[in-house]
$ cat coords13.pdb   # PDB, C-alpha atoms
ATOM      1  CA  MET A   1     112.359  37.552 129.400
ATOM      2  CA  THR A   2     112.652  33.767 128.993
ATOM      3  CA  GLN A   3     114.463  33.495 132.330
ATOM      4  CA  ASP A   4     111.763  35.591 134.029
ATOM      5  CA  LEU A   5     109.077  33.327 132.618
ATOM      6  CA  ILE A   6     110.978  30.228 133.691
ATOM      7  CA  ALA A   7     111.375  31.668 137.195
ATOM      8  CA  ASN A   8     107.638  32.394 137.396
ATOM      9  CA  LEU A   9     106.759  28.889 136.225
ATOM     10  CA  GLU A  10     109.252  27.335 138.647
ATOM     11  CA  ARG A  11     107.688  29.374 141.459
ATOM     12  CA  LEU A  12     104.256  27.938 140.591
ATOM     13  CA  LEU A  13     105.744  24.463 140.703
ATOM     14  CA  ALA A  14     107.383  25.169 144.079
ATOM     15  CA  GLU A  15     103.998  26.344 145.375
ATOM     16  CA  GLY A  16     102.611  22.879 144.632
ATOM     17  CA  LYS A  17     100.677  23.736 141.498
ATOM     18  CA  ASP A  18     102.080  20.806 139.555
ATOM     19  CA  ALA A  19     100.186  19.884 136.394
ATOM     20  CA  ALA A  20     100.988  18.440 132.984
ATOM     21  CA  SER A  21     100.355  21.824 131.344
ATOM     22  CA  LEU A  22     102.754  23.566 133.749
ATOM     23  CA  ARG A  23     105.423  20.954 133.090
ATOM     24  CA  PHE A  24     104.823  21.341 129.343
ATOM     25  CA  ALA A  25     105.303  25.106 129.643
ATOM     26  CA  LEU A  26     108.522  24.624 131.608
ATOM     27  CA  ALA A  27     109.831  22.071 129.112
ATOM     28  CA  SER A  28     109.043  24.415 126.226
ATOM     29  CA  ARG A  29     110.764  27.378 127.872
ATOM     30  CA  TYR A  30     113.830  25.407 128.891
ATOM     31  CA  LEU A  31     114.110  23.982 125.382
ATOM     32  CA  ALA A  32     113.900  27.496 123.913
ATOM     33  CA  ALA A  33     116.586  28.607 126.376
ATOM     34  CA  GLY A  34     118.889  25.787 125.245
ATOM     35  CA  ASP A  35     118.681  23.663 128.410
ATOM     36  CA  ALA A  36     117.704  20.317 126.893
ATOM     37  CA  ALA A  37     118.307  18.366 130.114
ATOM     38  CA  ALA A  38     115.850  20.502 132.090
ATOM     39  CA  ALA A  39     113.402  20.326 129.189
ATOM     40  CA  VAL A  40     113.562  16.517 129.211
ATOM     41  CA  ARG A  41     113.049  16.415 132.979
ATOM     42  CA  HIS A  42     109.902  18.556 132.823
ATOM     43  CA  ALA A  43     108.527  16.869 129.692
ATOM     44  CA  GLU A  44     108.930  13.461 131.344
ATOM     45  CA  ALA A  45     107.017  14.808 134.336
ATOM     46  CA  ALA A  46     104.279  16.115 132.020
ATOM     47  CA  VAL A  47     103.647  12.716 130.448
ATOM     48  CA  SER A  48     103.899  10.948 133.796
ATOM     49  CA  LEU A  49     101.162  13.246 135.117
ATOM     50  CA  ASP A  50      99.013  12.682 132.005
ATOM     51  CA  ASP A  51     100.123   9.878 129.718
ATOM     52  CA  GLN A  52      97.447  10.861 127.164
ATOM     53  CA  TYR A  53      98.829  14.404 126.738
ATOM     54  CA  THR A  54      99.906  14.450 123.093
ATOM     55  CA  ALA A  55     101.628  17.835 123.363
ATOM     56  CA  GLY A  56     103.648  16.414 126.243
ATOM     57  CA  TRP A  57     104.887  13.539 124.087
ATOM     58  CA  LYS A  58     105.786  15.945 121.300
ATOM     59  CA  ILE A  59     107.840  18.235 123.554
ATOM     60  CA  LEU A  60     109.456  15.199 125.187
ATOM     61  CA  GLY A  61     110.594  13.942 121.789
ATOM     62  CA  GLN A  62     111.913  17.373 120.857
ATOM     63  CA  ALA A  63     113.771  17.720 124.146
ATOM     64  CA  GLN A  64     115.259  14.229 123.893
ATOM     65  CA  ALA A  65     116.405  14.919 120.341
ATOM     66  CA  ALA A  66     117.998  18.190 121.468
ATOM     67  CA  ALA A  67     119.739  16.290 124.276
ATOM     68  CA  GLY A  68     121.133  13.781 121.770
ATOM     69  CA  ASP A  69     118.849  10.897 122.771
ATOM     70  CA  ARG A  70     117.557   9.929 119.344
ATOM     71  CA  ALA A  71     116.272   6.529 120.424
ATOM     72  CA  GLY A  72     114.319   8.102 123.262
ATOM     73  CA  ALA A  73     112.990  10.804 120.953
ATOM     74  CA  ALA A  74     111.835   8.230 118.405
ATOM     75  CA  ALA A  75     110.080   6.222 121.120
ATOM     76  CA  SER A  76     108.371   9.350 122.455
ATOM     77  CA  TYR A  77     107.193  10.396 118.998
ATOM     78  CA  GLU A  78     105.910   6.879 118.307
ATOM     79  CA  ARG A  79     103.989   6.834 121.587
ATOM     80  CA  GLY A  80     102.656  10.328 120.944
ATOM     81  CA  ILE A  81     101.487   9.391 117.448
ATOM     82  CA  GLU A  82      99.728   6.336 118.832
ATOM     83  CA  ILE A  83      97.908   8.439 121.438
ATOM     84  CA  ALA A  84      97.095  11.233 118.986
ATOM     85  CA  ASP A  85      95.646   8.733 116.502
ATOM     86  CA  ALA A  86      93.527   7.129 119.221
ATOM     87  CA  ARG A  87      92.212  10.541 120.271
ATOM     88  CA  GLY A  88      91.594  11.727 116.723
ATOM     89  CA  ASP A  89      94.189  14.488 117.070
ATOM     90  CA  ARG A  90      95.341  14.388 113.459
ATOM     91  CA  GLN A  91      97.417  17.574 113.568
ATOM     92  CA  ALA A  92      99.517  16.394 116.517
ATOM     93  CA  ALA A  93     100.003  12.995 114.873
ATOM     94  CA  LYS A  94     101.119  14.634 111.619
ATOM     95  CA  GLU A  95     103.578  16.928 113.397
ATOM     96  CA  MET A  96     105.159  14.098 115.350
ATOM     97  CA  LEU A  97     105.328  11.941 112.228
ATOM     98  CA  VAL A  98     107.265  14.725 110.480
ATOM     99  CA  PHE A  99     109.659  14.975 113.445
ATOM    100  CA  LEU A 100     110.069  11.193 113.527
ATOM    101  CA  LYS A 101     110.811  10.993 109.793
ATOM    102  CA  ARG A 102     113.322  13.844 110.083
ATOM    103  CA  LEU A 103     115.020  12.084 112.999
ATOM    104  CA  ARG A 104     115.273   8.814 111.078
ATOM    105  CA  LYS A 105     116.591  10.625 108.019
ATOM    106  CA  GLU A 106     119.337  12.239 110.137
ATOM    107  CA  GLU A 107     120.240   8.855 111.615
ATOM    108  CA  ALA A 108     120.435   7.272 108.164
ATOM    109  CA  ALA A 109     122.646  10.092 106.885
ATOM    110  CA  GLU A 110     125.117   9.547 109.725
ATOM    111  CA  ARG A 111     125.424   5.787 109.315
ATOM    112  CA  PRO A 112     128.703   4.666 107.773
ATOM    113  CA  ARG A 113     128.324   3.394 104.248
ATOM    114  CA  ASP A 114     130.012   0.260 103.002
TER     115      ASP A 114
END

$ encode --input "coords13.pdb" --output "structure tokens"
Amino acid sequence: MTQDLIANLERLLAEGKDAASLRFALASRYLAAGDAAAAVRHAEAAVSLDDQYTAGWKILGQAQAAAGDRAGAAASYERGIEIADARGDRQAAKEMLVFLKRLRKEEAAERPRD
């Protein structure tokens, strides 16, 4: 089912119906399918099409984290929080703040201790 949905979304993209929401949907589906690299690619496209798209920043951070790019994920969450706060989108800001804190906690746990 996920692959069918991805194929349908990719067909829309190939037909020239590019939009931030389409790229978000592709990023979400690829992330769910375990293809973090494709998810990052589409999430980056989503925020390049609409840099005020808070959901795009959230999925980009999630995809980057899944791909092992913690620094990129943190930067995406920080940017997304900034945009969400400016737009009054409290729920999105809270969600990304939780993801950012979790990411930083994981990083701290992996640092070698003296």

$ atom_distance --input "coords13.pdb" --atom1 "atom CA of Ala39 of chain A" --atom2 "atom CA of Trp57 of chain A"
12.0 Å

$ closest_residue --input "coords13.pdb" --among "A:Ala32, A:Ala45, A:Leu100, A:Leu26" --to "Ala75 of chain A" --atoms "all atoms listed in the file"
A:Leu100

$ closest_residue --input "coords13.pdb" --among "A:Ala19, A:Lys94, A:Leu103, A:Ile83" --to "Gly68 of chain A" --atoms "all atoms listed in the file"
A:Leu103

$ atom_distance --input "coords13.pdb" --atom1 "atom CA of Leu31 of chain A" --atom2 "atom CA of Tyr77 of chain A"
16.5 Å

$ atom_distance --input "coords13.pdb" --atom1 "atom CA of Glu78 of chain A" --atom2 "atom CA of Gly61 of chain A"
9.2 Å

$ closest_residue --input "coords13.pdb" --among "A:Ala74, A:Leu49, A:Ala33, A:Ala43" --to "Leu5 of chain A" --atoms "only C-alpha atoms"
A:Ala33

$ residues_around --input "coords13.pdb" --residues "Gln3 of chain A" --least-positions-apart "2" --cutoff "9 Å" --atoms "only C-alpha atoms" --output "NGL selection string"
:A and (1 or 5-8 or 29-30 or 33)

$ residues_around --input "coords13.pdb" --residues "Ala55 of chain A" --least-positions-apart "3" --cutoff "8 Å" --atoms "only C-alpha atoms" --output "ChimeraX atom specification"
/A:24,58-59,80,92

$ resolve_selection --input "coords13.pdb" --expression "the PyMOL selection byres ((chain A and resi 93) around 9)" --output "list in words"
Thr54, Tyr77, Gly80, Ile81, Glu82, Ile83, Ala84, Asp85, Gly88, Asp89, Arg90, Gln91, Ala92, Lys94, Glu95, Met96, Leu97 and Val98 of chain A

$ write_last_selection --input "coords13.pdb" --atoms "C-alpha atoms" --output "PDB file, in the coordinates of the input"
ATOM      1  CA  THR A  54      99.906  14.450 123.093  1.00  0.00           C
ATOM      2  CA  TYR A  77     107.193  10.396 118.998  1.00  0.00           C
ATOM      3  CA  GLY A  80     102.656  10.328 120.944  1.00  0.00           C
ATOM      4  CA  ILE A  81     101.487   9.391 117.448  1.00  0.00           C
ATOM      5  CA  GLU A  82      99.728   6.336 118.832  1.00  0.00           C
ATOM      6  CA  ILE A  83      97.908   8.439 121.438  1.00  0.00           C
ATOM      7  CA  ALA A  84      97.095  11.233 118.986  1.00  0.00           C
ATOM      8  CA  ASP A  85      95.646   8.733 116.502  1.00  0.00           C
ATOM      9  CA  GLY A  88      91.594  11.727 116.723  1.00  0.00           C
ATOM     10  CA  ASP A  89      94.189  14.488 117.070  1.00  0.00           C
ATOM     11  CA  ARG A  90      95.341  14.388 113.459  1.00  0.00           C
ATOM     12  CA  GLN A  91      97.417  17.574 113.568  1.00  0.00           C
ATOM     13  CA  ALA A  92      99.517  16.394 116.517  1.00  0.00           C
ATOM     14  CA  LYS A  94     101.119  14.634 111.619  1.00  0.00           C
ATOM     15  CA  GLU A  95     103.578  16.928 113.397  1.00  0.00           C
ATOM     16  CA  MET A  96     105.159  14.098 115.350  1.00  0.00           C
ATOM     17  CA  LEU A  97     105.328  11.941 112.228  1.00  0.00           C
ATOM     18  CA  VAL A  98     107.265  14.725 110.480  1.00  0.00           C
TER      19      VAL A  98
END

$ closest_residue --input "coords13.pdb" --among "A:Asp69, A:Arg87, A:Arg111, A:Ser21" --to "Gly56 of chain A" --atoms "all atoms listed in the file"
A:Ser21

$ residues_around --input "coords13.pdb" --residues "Arg70 of chain A" --least-positions-apart "3" --cutoff "12 Å" --atoms "all atoms listed in the file" --output "list in words"
Leu60, Gly61, Gln62, Ala63, Gln64, Ala65, Ala66, Ala67, Ala73, Ala74, Ala75, Ser76, Tyr77, Phe99, Leu100, Lys101, Arg102, Leu103, Arg104, Lys105, Glu106, Glu107 and Ala108 of chain A

$ closest_residue --input "coords13.pdb" --among "A:Gly72, A:Pro112, A:Leu22, A:Gly16" --to "Val40 of chain A" --atoms "only C-alpha atoms"
A:Gly72
